[in-house]
file start.cif (mmCIF, C-alpha atoms, pLDDT in the B column; chains and numbers go by the auth columns)
data_final
#
loop_
_atom_site.group_PDB
_atom_site.id
_atom_site.type_symbol
_atom_site.label_atom_id
_atom_site.label_comp_id
_atom_site.label_asym_id
_atom_site.label_seq_id
_atom_site.Cartn_x
_atom_site.Cartn_y
_atom_site.Cartn_z
_atom_site.B_iso_or_equiv
_atom_site.auth_seq_id
_atom_site.auth_asym_id
ATOM 1 C CA MET A 1 -24.417 12.234 2.425 52.00 10 A
ATOM 2 C CA THR A 2 -22.252 10.851 5.275 57.00 11 A
ATOM 3 C CA ARG A 3 -19.059 12.494 6.553 58.00 12 A
ATOM 4 C CA MET A 4 -17.010 9.585 5.189 55.00 13 A
ATOM 5 C CA ARG A 5 -18.589 9.926 1.747 56.00 14 A
ATOM 6 C CA MET A 6 -17.932 13.678 1.663 54.00 15 A
ATOM 7 C CA ARG A 7 -14.306 13.200 2.710 55.00 16 A
ATOM 8 C CA ILE A 8 -13.721 10.477 0.162 54.00 17 A
ATOM 9 C CA ARG A 9 -15.017 12.866 -2.495 57.00 18 A
ATOM 10 C CA ALA A 10 -12.629 15.538 -1.197 55.00 19 A
ATOM 11 C CA ALA A 11 -9.695 13.098 -1.256 54.00 20 A
ATOM 12 C CA ALA A 12 -10.472 12.021 -4.791 55.00 21 A
ATOM 13 C CA GLY A 13 -10.760 15.697 -5.674 55.00 22 A
ATOM 14 C CA LEU A 14 -7.048 16.020 -4.861 54.00 23 A
ATOM 15 C CA ALA A 15 -6.323 13.606 -7.689 54.00 24 A
ATOM 16 C CA VAL A 16 -8.535 15.561 -10.082 52.00 25 A
ATOM 17 C CA ALA A 17 -6.844 18.864 -9.235 52.00 26 A
ATOM 18 C CA ALA A 18 -3.359 17.379 -9.511 53.00 27 A
ATOM 19 C CA ILE A 19 -3.982 15.864 -12.923 53.00 28 A
ATOM 20 C CA MET A 20 -5.549 19.060 -14.264 51.00 29 A
ATOM 21 C CA THR A 21 -2.545 21.099 -13.102 52.00 30 A
ATOM 22 C CA LEU A 22 -0.665 19.360 -15.914 50.00 31 A
ATOM 23 C CA ALA A 23 -2.542 21.519 -18.395 47.00 32 A
ATOM 24 C CA GLY A 24 -0.184 24.332 -17.417 47.00 33 A
ATOM 25 C CA CYS A 25 3.005 22.355 -18.085 49.00 34 A
ATOM 26 C CA GLY A 26 4.766 23.171 -21.069 44.00 35 A
ATOM 27 C CA GLY A 27 10.550 20.318 -20.385 43.00 36 A
ATOM 28 C CA SER A 28 14.621 20.300 -20.300 43.00 37 A
ATOM 29 C CA SER A 29 18.119 21.548 -20.882 43.00 38 A
ATOM 30 C CA ALA A 30 19.492 21.706 -24.417 45.00 39 A
ATOM 31 C CA SER A 31 22.593 20.153 -25.982 47.00 40 A
ATOM 32 C CA ALA A 32 23.627 19.892 -29.642 43.00 41 A
ATOM 33 C CA LYS A 33 21.701 21.425 -32.544 48.00 42 A
ATOM 34 C CA PRO A 34 18.957 19.211 -34.010 45.00 43 A
ATOM 35 C CA ALA A 35 19.856 17.328 -37.180 57.00 44 A
ATOM 36 C CA ASP A 36 16.547 17.725 -39.046 78.00 45 A
ATOM 37 C CA SER A 37 15.091 20.956 -40.385 89.00 46 A
ATOM 38 C CA ARG A 38 11.519 20.873 -39.066 94.00 47 A
ATOM 39 C CA THR A 39 10.340 24.095 -37.504 96.00 48 A
ATOM 40 C CA ALA A 40 8.996 24.237 -33.965 97.00 49 A
ATOM 41 C CA ALA A 41 5.509 24.888 -35.356 96.00 50 A
ATOM 42 C CA THR A 42 5.741 21.757 -37.529 97.00 51 A
ATOM 43 C CA ILE A 43 6.903 19.648 -34.593 97.00 52 A
ATOM 44 C CA ILE A 44 4.081 20.941 -32.390 96.00 53 A
ATOM 45 C CA GLY A 45 1.574 20.128 -35.144 95.00 54 A
ATOM 46 C CA GLN A 46 2.959 16.600 -35.433 97.00 55 A
ATOM 47 C CA MET A 47 2.931 16.239 -31.633 96.00 56 A
ATOM 48 C CA LYS A 48 -0.726 17.250 -31.471 95.00 57 A
ATOM 49 C CA ALA A 49 -1.633 14.703 -34.154 95.00 58 A
ATOM 50 C CA ALA A 50 0.323 11.941 -32.368 96.00 59 A
ATOM 51 C CA MET A 51 -1.276 12.720 -29.014 95.00 60 A
ATOM 52 C CA ASN A 52 -4.766 12.838 -30.492 93.00 61 A
ATOM 53 C CA ASP A 53 -4.235 9.381 -32.011 95.00 62 A
ATOM 54 C CA ALA A 54 -2.625 7.835 -28.899 97.00 63 A
ATOM 55 C CA THR A 55 -4.570 5.186 -27.003 97.00 64 A
ATOM 56 C CA SER A 56 -2.671 5.282 -23.701 97.00 65 A
ATOM 57 C CA VAL A 57 0.203 6.926 -21.820 97.00 66 A
ATOM 58 C CA HIS A 58 1.974 6.858 -18.454 96.00 67 A
ATOM 59 C CA LEU A 59 2.751 10.095 -16.572 94.00 68 A
ATOM 60 C CA THR A 60 5.383 10.421 -13.846 94.00 69 A
ATOM 61 C CA GLY A 61 6.610 13.508 -12.005 92.00 70 A
ATOM 62 C CA SER A 62 5.437 16.329 -9.801 88.00 71 A
ATOM 63 C CA VAL A 63 3.584 19.616 -10.128 82.00 72 A
ATOM 64 C CA ALA A 64 2.813 22.540 -7.846 79.00 73 A
ATOM 65 C CA HIS A 65 -0.817 22.930 -6.848 72.00 74 A
ATOM 66 C CA ALA A 66 -2.362 25.236 -4.242 71.00 75 A
ATOM 67 C CA GLY A 67 0.992 25.825 -2.569 77.00 76 A
ATOM 68 C CA SER A 68 1.913 22.145 -2.350 80.00 77 A
ATOM 69 C CA THR A 69 3.920 19.718 -4.457 84.00 78 A
ATOM 70 C CA VAL A 70 1.820 16.900 -5.891 84.00 79 A
ATOM 71 C CA GLY A 71 3.530 13.695 -7.004 89.00 80 A
ATOM 72 C CA ILE A 72 1.964 11.855 -9.935 89.00 81 A
ATOM 73 C CA ASP A 73 2.542 8.304 -11.189 94.00 82 A
ATOM 74 C CA VAL A 74 -0.459 7.300 -13.289 93.00 83 A
ATOM 75 C CA SER A 75 -1.417 5.413 -16.428 96.00 84 A
ATOM 76 C CA LEU A 76 -4.261 6.719 -18.593 95.00 85 A
ATOM 77 C CA THR A 77 -6.179 5.100 -21.443 95.00 86 A
ATOM 78 C CA ARG A 78 -8.248 6.707 -24.183 93.00 87 A
ATOM 79 C CA THR A 79 -11.301 4.730 -23.005 90.00 88 A
ATOM 80 C CA GLY A 80 -11.212 6.527 -19.649 86.00 89 A
ATOM 81 C CA GLY A 81 -9.193 4.111 -17.529 91.00 90 A
ATOM 82 C CA LEU A 82 -6.729 5.277 -14.893 91.00 91 A
ATOM 83 C CA ALA A 83 -4.376 3.427 -12.562 95.00 92 A
ATOM 84 C CA GLY A 84 -1.641 4.755 -10.320 93.00 93 A
ATOM 85 C CA SER A 85 -0.994 7.101 -7.437 91.00 94 A
ATOM 86 C CA VAL A 86 -1.234 10.773 -6.553 86.00 95 A
ATOM 87 C CA GLY A 87 0.462 12.114 -3.428 85.00 96 A
ATOM 88 C CA SER A 88 0.761 15.362 -1.510 83.00 97 A
ATOM 89 C CA GLY A 89 1.661 16.382 2.040 81.00 98 A
ATOM 90 C CA GLY A 90 2.742 12.893 3.017 79.00 99 A
ATOM 91 C CA VAL A 91 -0.514 11.320 1.810 81.00 100 A
ATOM 92 C CA THR A 92 -0.471 9.073 -1.261 85.00 101 A
ATOM 93 C CA LEU A 93 -3.705 7.868 -2.842 85.00 102 A
ATOM 94 C CA ASP A 94 -3.655 4.753 -5.003 91.00 103 A
ATOM 95 C CA LEU A 95 -6.426 4.983 -7.583 89.00 104 A
ATOM 96 C CA ILE A 96 -8.045 2.771 -10.196 93.00 105 A
ATOM 97 C CA LYS A 97 -10.745 4.035 -12.543 90.00 106 A
ATOM 98 C CA THR A 98 -12.643 1.726 -14.856 89.00 107 A
ATOM 99 C CA GLY A 99 -15.853 2.680 -16.592 82.00 108 A
ATOM 100 C CA ASP A 100 -17.900 4.890 -14.279 79.00 109 A
ATOM 101 C CA LEU A 101 -16.312 3.699 -11.038 84.00 110 A
ATOM 102 C CA ILE A 102 -13.272 4.943 -9.186 86.00 111 A
ATOM 103 C CA TYR A 103 -11.558 2.856 -6.513 91.00 112 A
ATOM 104 C CA ILE A 104 -9.377 4.437 -3.802 87.00 113 A
ATOM 105 C CA GLU A 105 -7.099 2.139 -1.813 92.00 114 A
ATOM 106 C CA ALA A 106 -7.492 2.859 1.895 88.00 115 A
ATOM 107 C CA ASN A 107 -4.434 3.190 4.135 88.00 116 A
ATOM 108 C CA SER A 108 -3.633 4.870 7.458 88.00 117 A
ATOM 109 C CA ALA A 109 -2.707 8.128 5.711 82.00 118 A
ATOM 110 C CA PHE A 110 -6.010 8.112 3.837 77.00 119 A
ATOM 111 C CA LEU A 111 -7.961 7.597 7.076 80.00 120 A
ATOM 112 C CA LYS A 112 -6.061 10.487 8.664 81.00 121 A
ATOM 113 C CA LEU A 113 -6.832 12.699 5.662 73.00 122 A
ATOM 114 C CA ALA A 114 -10.497 11.763 5.964 72.00 123 A
ATOM 115 C CA HIS A 115 -10.409 12.475 9.740 77.00 124 A
ATOM 116 C CA GLU A 116 -11.539 8.940 10.448 80.00 125 A
ATOM 117 C CA PRO A 117 -10.323 6.867 13.449 86.00 126 A
ATOM 118 C CA ALA A 118 -7.312 4.609 12.994 89.00 127 A
ATOM 119 C CA THR A 119 -9.462 1.812 14.411 89.00 128 A
ATOM 120 C CA LEU A 120 -11.082 1.514 10.973 86.00 129 A
ATOM 121 C CA CYS A 121 -7.776 0.410 9.470 89.00 130 A
ATOM 122 C CA PRO A 122 -8.214 -3.333 10.188 89.00 131 A
ATOM 123 C CA LYS A 123 -11.503 -3.163 8.271 85.00 132 A
ATOM 124 C CA LEU A 124 -10.466 -0.879 5.427 88.00 133 A
ATOM 125 C CA CYS A 125 -6.698 -0.681 4.965 91.00 134 A
ATOM 126 C CA GLY A 126 -5.490 -2.591 1.937 92.00 135 A
ATOM 127 C CA LYS A 127 -8.966 -2.603 0.438 93.00 136 A
ATOM 128 C CA TYR A 128 -10.453 -0.261 -2.137 93.00 137 A
ATOM 129 C CA VAL A 129 -13.298 2.142 -1.418 87.00 138 A
ATOM 130 C CA ALA A 130 -15.634 2.078 -4.401 86.00 139 A
ATOM 131 C CA VAL A 131 -17.347 5.312 -5.385 76.00 140 A
ATOM 132 C CA PRO A 132 -20.695 4.779 -7.180 65.00 141 A
ATOM 133 C CA ALA A 133 -21.125 5.867 -10.785 54.00 142 A
ATOM 134 C CA SER A 134 -23.512 8.672 -9.766 59.00 143 A
ATOM 135 C CA GLN A 135 -20.686 10.339 -7.832 65.00 144 A
ATOM 136 C CA ALA A 136 -17.775 9.228 -10.020 51.00 145 A
ATOM 137 C CA ALA A 137 -19.183 11.153 -12.987 50.00 146 A
ATOM 138 C CA THR A 138 -18.776 14.483 -11.183 49.00 147 A
ATOM 139 C CA MET A 139 -15.541 13.523 -9.409 47.00 148 A
ATOM 140 C CA THR A 140 -13.468 11.980 -12.162 46.00 149 A
ATOM 141 C CA GLY A 141 -14.617 13.404 -15.486 47.00 150 A
ATOM 142 C CA ASP A 142 -11.524 15.615 -15.709 61.00 151 A
ATOM 143 C CA LEU A 143 -9.218 12.625 -15.218 63.00 152 A
ATOM 144 C CA SER A 144 -9.840 11.392 -18.745 74.00 153 A
ATOM 145 C CA MET A 145 -6.987 11.265 -21.244 85.00 154 A
ATOM 146 C CA SER A 146 -9.083 13.116 -23.812 83.00 155 A
ATOM 147 C CA LYS A 147 -9.896 15.996 -21.426 78.00 156 A
ATOM 148 C CA LEU A 148 -6.316 16.282 -20.183 78.00 157 A
ATOM 149 C CA PHE A 149 -4.840 16.380 -23.678 83.00 158 A
ATOM 150 C CA GLY A 150 -7.529 18.789 -24.854 80.00 159 A
ATOM 151 C CA ASP A 151 -6.607 21.243 -22.100 72.00 160 A
ATOM 152 C CA LEU A 152 -2.874 20.793 -22.620 75.00 161 A
ATOM 153 C CA LEU A 153 -2.932 21.239 -26.385 80.00 162 A
ATOM 154 C CA GLY A 154 -5.287 24.180 -26.189 77.00 163 A
ATOM 155 C CA SER A 155 -2.998 26.276 -23.996 77.00 164 A
ATOM 156 C CA LEU A 156 0.429 26.016 -25.627 87.00 165 A
ATOM 157 C CA PRO A 157 2.669 29.101 -25.877 91.00 166 A
ATOM 158 C CA HIS A 158 4.884 29.945 -28.869 94.00 167 A
ATOM 159 C CA PHE A 159 7.852 27.544 -29.116 96.00 168 A
ATOM 160 C CA ALA A 160 11.333 27.753 -30.634 97.00 169 A
ATOM 161 C CA ARG A 161 13.851 24.953 -31.190 97.00 170 A
ATOM 162 C CA THR A 162 16.953 25.067 -28.997 96.00 171 A
ATOM 163 C CA GLY A 163 18.714 21.700 -29.330 94.00 172 A
ATOM 164 C CA THR A 164 18.414 18.007 -28.540 95.00 173 A
ATOM 165 C CA ILE A 165 18.528 15.890 -25.390 96.00 174 A
ATOM 166 C CA THR A 166 18.235 12.214 -24.471 96.00 175 A
ATOM 167 C CA ILE A 167 15.221 11.200 -22.374 94.00 176 A
ATOM 168 C CA GLY A 168 15.035 7.587 -21.206 90.00 177 A
ATOM 169 C CA GLY A 169 17.506 6.553 -23.885 93.00 178 A
ATOM 170 C CA GLU A 170 15.494 8.234 -26.649 95.00 179 A
ATOM 171 C CA GLN A 171 16.634 11.330 -28.551 96.00 180 A
ATOM 172 C CA ALA A 172 14.315 14.297 -28.168 97.00 181 A
ATOM 173 C CA LEU A 173 14.025 17.743 -29.737 97.00 182 A
ATOM 174 C CA VAL A 174 14.017 20.553 -27.174 97.00 183 A
ATOM 175 C CA LEU A 175 11.376 23.241 -27.690 97.00 184 A
ATOM 176 C CA ALA A 176 11.554 26.378 -25.528 96.00 185 A
ATOM 177 C CA GLY A 177 8.259 28.128 -24.823 94.00 186 A
ATOM 178 C CA SER A 178 7.723 31.859 -24.705 93.00 187 A
ATOM 179 C CA ASP A 179 6.364 31.442 -21.160 90.00 188 A
ATOM 180 C CA GLY A 180 9.592 29.850 -19.911 91.00 189 A
ATOM 181 C CA SER A 181 8.388 26.278 -20.306 91.00 190 A
ATOM 182 C CA THR A 182 10.033 23.627 -22.477 93.00 191 A
ATOM 183 C CA LEU A 183 8.924 20.458 -24.229 95.00 192 A
ATOM 184 C CA ASP A 184 11.117 17.495 -25.144 97.00 193 A
ATOM 185 C CA VAL A 185 9.525 15.815 -28.177 97.00 194 A
ATOM 186 C CA ALA A 186 10.612 12.483 -29.644 97.00 195 A
ATOM 187 C CA ALA A 187 13.004 13.130 -32.551 96.00 196 A
ATOM 188 C CA HIS A 188 12.212 9.874 -34.355 95.00 197 A
ATOM 189 C CA GLY A 189 8.972 8.071 -35.100 96.00 198 A
ATOM 190 C CA ASN A 190 5.778 9.587 -33.754 97.00 199 A
ATOM 191 C CA ALA A 191 6.332 13.048 -32.277 97.00 200 A
ATOM 192 C CA TYR A 192 5.220 12.198 -28.744 97.00 201 A
ATOM 193 C CA PRO A 193 6.202 14.498 -25.886 96.00 202 A
ATOM 194 C CA LEU A 194 8.714 12.716 -23.652 97.00 203 A
ATOM 195 C CA ARG A 195 9.025 15.348 -20.942 95.00 204 A
ATOM 196 C CA ALA A 196 7.423 18.667 -20.006 92.00 205 A
ATOM 197 C CA ILE A 197 8.810 21.215 -17.583 92.00 206 A
ATOM 198 C CA ALA A 198 6.704 24.171 -16.526 86.00 207 A
ATOM 199 C CA PRO A 199 8.371 27.438 -15.485 81.00 208 A
ATOM 200 C CA LYS A 200 8.899 28.324 -11.847 72.00 209 A
ATOM 201 C CA SER A 201 5.477 29.652 -10.992 69.00 210 A
ATOM 202 C CA ALA A 202 2.266 28.579 -9.323 59.00 211 A
ATOM 203 C CA LYS A 203 2.199 25.617 -11.741 69.00 212 A
ATOM 204 C CA ALA A 204 5.896 24.717 -11.696 81.00 213 A
ATOM 205 C CA GLY A 205 6.615 21.058 -12.270 88.00 214 A
ATOM 206 C CA GLU A 206 8.160 18.334 -14.390 91.00 215 A
ATOM 207 C CA ILE A 207 6.316 15.437 -16.013 91.00 216 A
ATOM 208 C CA THR A 208 7.760 12.524 -17.978 95.00 217 A
ATOM 209 C CA PHE A 209 5.599 10.763 -20.579 96.00 218 A
ATOM 210 C CA SER A 210 6.191 7.074 -21.349 96.00 219 A
ATOM 211 C CA GLN A 211 4.458 3.868 -22.463 97.00 220 A
ATOM 212 C CA TRP A 212 2.721 5.598 -25.342 97.00 221 A
ATOM 213 C CA ASN A 213 0.104 3.120 -26.639 98.00 222 A
ATOM 214 C CA ALA A 214 1.615 0.450 -24.362 97.00 223 A
ATOM 215 C CA VAL A 215 -0.160 0.824 -21.001 97.00 224 A
ATOM 216 C CA PRO A 216 -1.353 -2.581 -19.700 96.00 225 A
ATOM 217 C CA VAL A 217 -5.100 -3.178 -19.606 95.00 226 A
ATOM 218 C CA ILE A 218 -6.589 -1.474 -16.540 96.00 227 A
ATOM 219 C CA THR A 219 -9.001 -3.659 -14.584 96.00 228 A
ATOM 220 C CA ALA A 220 -11.031 -3.192 -11.410 95.00 229 A
ATOM 221 C CA PRO A 221 -9.705 -4.624 -8.125 96.00 230 A
ATOM 222 C CA PRO A 222 -10.919 -8.126 -7.176 95.00 231 A
ATOM 223 C CA ALA A 223 -14.434 -8.019 -5.734 93.00 232 A
ATOM 224 C CA GLY A 224 -13.167 -9.319 -2.398 92.00 233 A
ATOM 225 C CA GLN A 225 -10.909 -6.275 -2.065 94.00 234 A
ATOM 226 C CA VAL A 226 -13.665 -3.694 -2.628 93.00 235 A
ATOM 227 C CA VAL A 227 -15.689 -1.940 0.073 85.00 236 A
ATOM 228 C CA ASN A 228 -18.767 0.021 -0.994 70.00 237 A
ATOM 229 C CA LEU A 229 -19.665 3.343 0.607 59.00 238 A
ATOM 230 C CA SER A 230 -22.942 1.863 1.817 60.00 239 A
ATOM 231 C CA GLN A 231 -20.936 -0.493 4.046 59.00 240 A
ATOM 232 C CA LEU A 232 -19.194 2.374 5.849 58.00 241 A
ATOM 233 C CA THR A 233 -20.415 4.435 8.748 51.00 242 A
ATOM 234 C CA GLY A 234 -19.729 8.117 9.264 51.00 243 A
#

call {"tool": "encode", "arguments": {"input": "start.cif", "output": "structure tokens"}}
result
Amino acid sequence: MTRMRMRIRAAAGLAVAAIMTLAGCGGSSASAKPADSRTAATIIGQMKAAMNDATSVHLTGSVAHAGSTVGIDVSLTRTGGLAGSVGSGGVTLDLIKTGDLIYIEANSAFLKLAHEPATLCPKLCGKYVAVPASQAATMTGDLSMSKLFGDLLGSLPHFARTGTITIGGEQALVLAGSDGSTLDVAAHGNAYPLRAIAPKSAKAGEITFSQWNAVPVITAPPAGQVVNLSQLTG
């Protein structure tokens, strides 16, 4: 395996680690008392059902990981698609995942992260580095919507209702977790989480959920914008 291939795998690994850090997030400040009488346990049950039935979602925010703050702005689909960006330490990676392939858009920051010469930028920058299916399976399996939600829903603390708040113009019920986290869950319609805020700890962060079941179709970059690993030297 070439140096470039190993470094691309390491860079993509940053995205995997950042997404999986969300499993520790539990979001928000409270206002008036909720109008309906559902218990926190009932709301969590309804939230789990809604998330399990969802076909897509968009995540925006930041989380702490390995002593750094990781910014996340990604769309996920139930079929395994991903599109968006993950950034940390001044380096932002733009990613697209379709089927068994992941595409990483090369830029000067990416080349610096990979310890590759800036002279490669005219050849690579603005294009996507395609990672073959044989490597993508081990690199990106944890990026799936199903895996992320499975980890999140399997590690929830005890919650209690504390009030309501408005998130993106939508009323949400505020649930305070026994671990210091909070969840803002849609008060009307499907009980989707709208925001999650983890306590100040090694996994501190805030994530906003949007575009439930409304993420645009994720497609691979145009063939002319893709560079295969076999074309690179290292």

call {"tool": "atom_distance", "arguments": {"input": "start.cif", "atom1": "CA of Ala50 (chain A)", "atom2": "CA of Phe168 (chain A)"}}
result
7.2 Å

call {"tool": "resolve_selection", "arguments": {"input": "start.cif", "expression": "the PyMOL selection byres ((chain A and resi 182) around 6)", "output": "VMD selection string"}}
result
chain A and resid 173 181 183 193 to 194 196

call {"tool": "residues_around", "arguments": {"input": "start.cif", "residues": "Ser94 (chain A)", "least_positions_apart": "2", "cutoff": "6 Å", "atoms": "all atoms listed in the file", "output": "PyMOL selection string"}}
result
chain A and resi 82-83+102-104

call {"tool": "residues_around", "arguments": {"input": "start.cif", "residues": "Ser71 (chain A)", "least_positions_apart": "6", "cutoff": "9 Å", "atoms": "all atoms listed in the file", "output": "ChimeraX atom specification"}}
result
/A:27,78-82,213-216

call {"tool": "resolve_selection", "arguments": {"input": "start.cif", "expression": "the PyMOL selection byres ((chain A and resi 198) around 12)", "output": "ChimeraX atom specification"}}
result
/A:52,55-56,59,179-181,194-197,199-202,221

call {"tool": "atom_distance", "arguments": {"input": "start.cif", "atom1": "CA of Ala49 (chain A)", "atom2": "CA of Leu184 (chain A)"}}
result
6.8 Å

call {"tool": "atom_distance", "arguments": {"input": "start.cif", "atom1": "CA of Ser97 (chain A)", "atom2": "CA of Cys134 (chain A)"}}
result
18.8 Å

call {"tool": "resolve_selection", "arguments": {"input": "start.cif", "expression": "the PyMOL selection byres ((chain A and resi 204) around 7)", "output": "list in words"}}
result
Gly36, Leu192, Asp193, Pro202, Leu203, Ala205, Ile206, Ile216, Thr217 and Phe218 of chain A

call {"tool": "residues_around", "arguments": {"input": "start.cif", "residues": "Gly99 (chain A)", "least_positions_apart": "4", "cutoff": "12 Å", "atoms": "only C-alpha atoms", "output": "PyMOL selection string"}}
result
chain A and resi 77-80+95+117-119+121-122

call {"tool": "residues_around", "arguments": {"input": "start.cif", "residues": "Pro166 (chain A)", "least_positions_apart": "4", "cutoff": "9 Å", "atoms": "all atoms listed in the file", "output": "ChimeraX atom specification"}}
result
/A:35,186-188,190

call {"tool": "closest_residue", "arguments": {"input": "start.cif", "among": "A:Ala58, A:Met154, A:Ala75, A:Val140", "to": "Gly89 (chain A)", "atoms": "only C-alpha atoms"}}
result
A:Met154
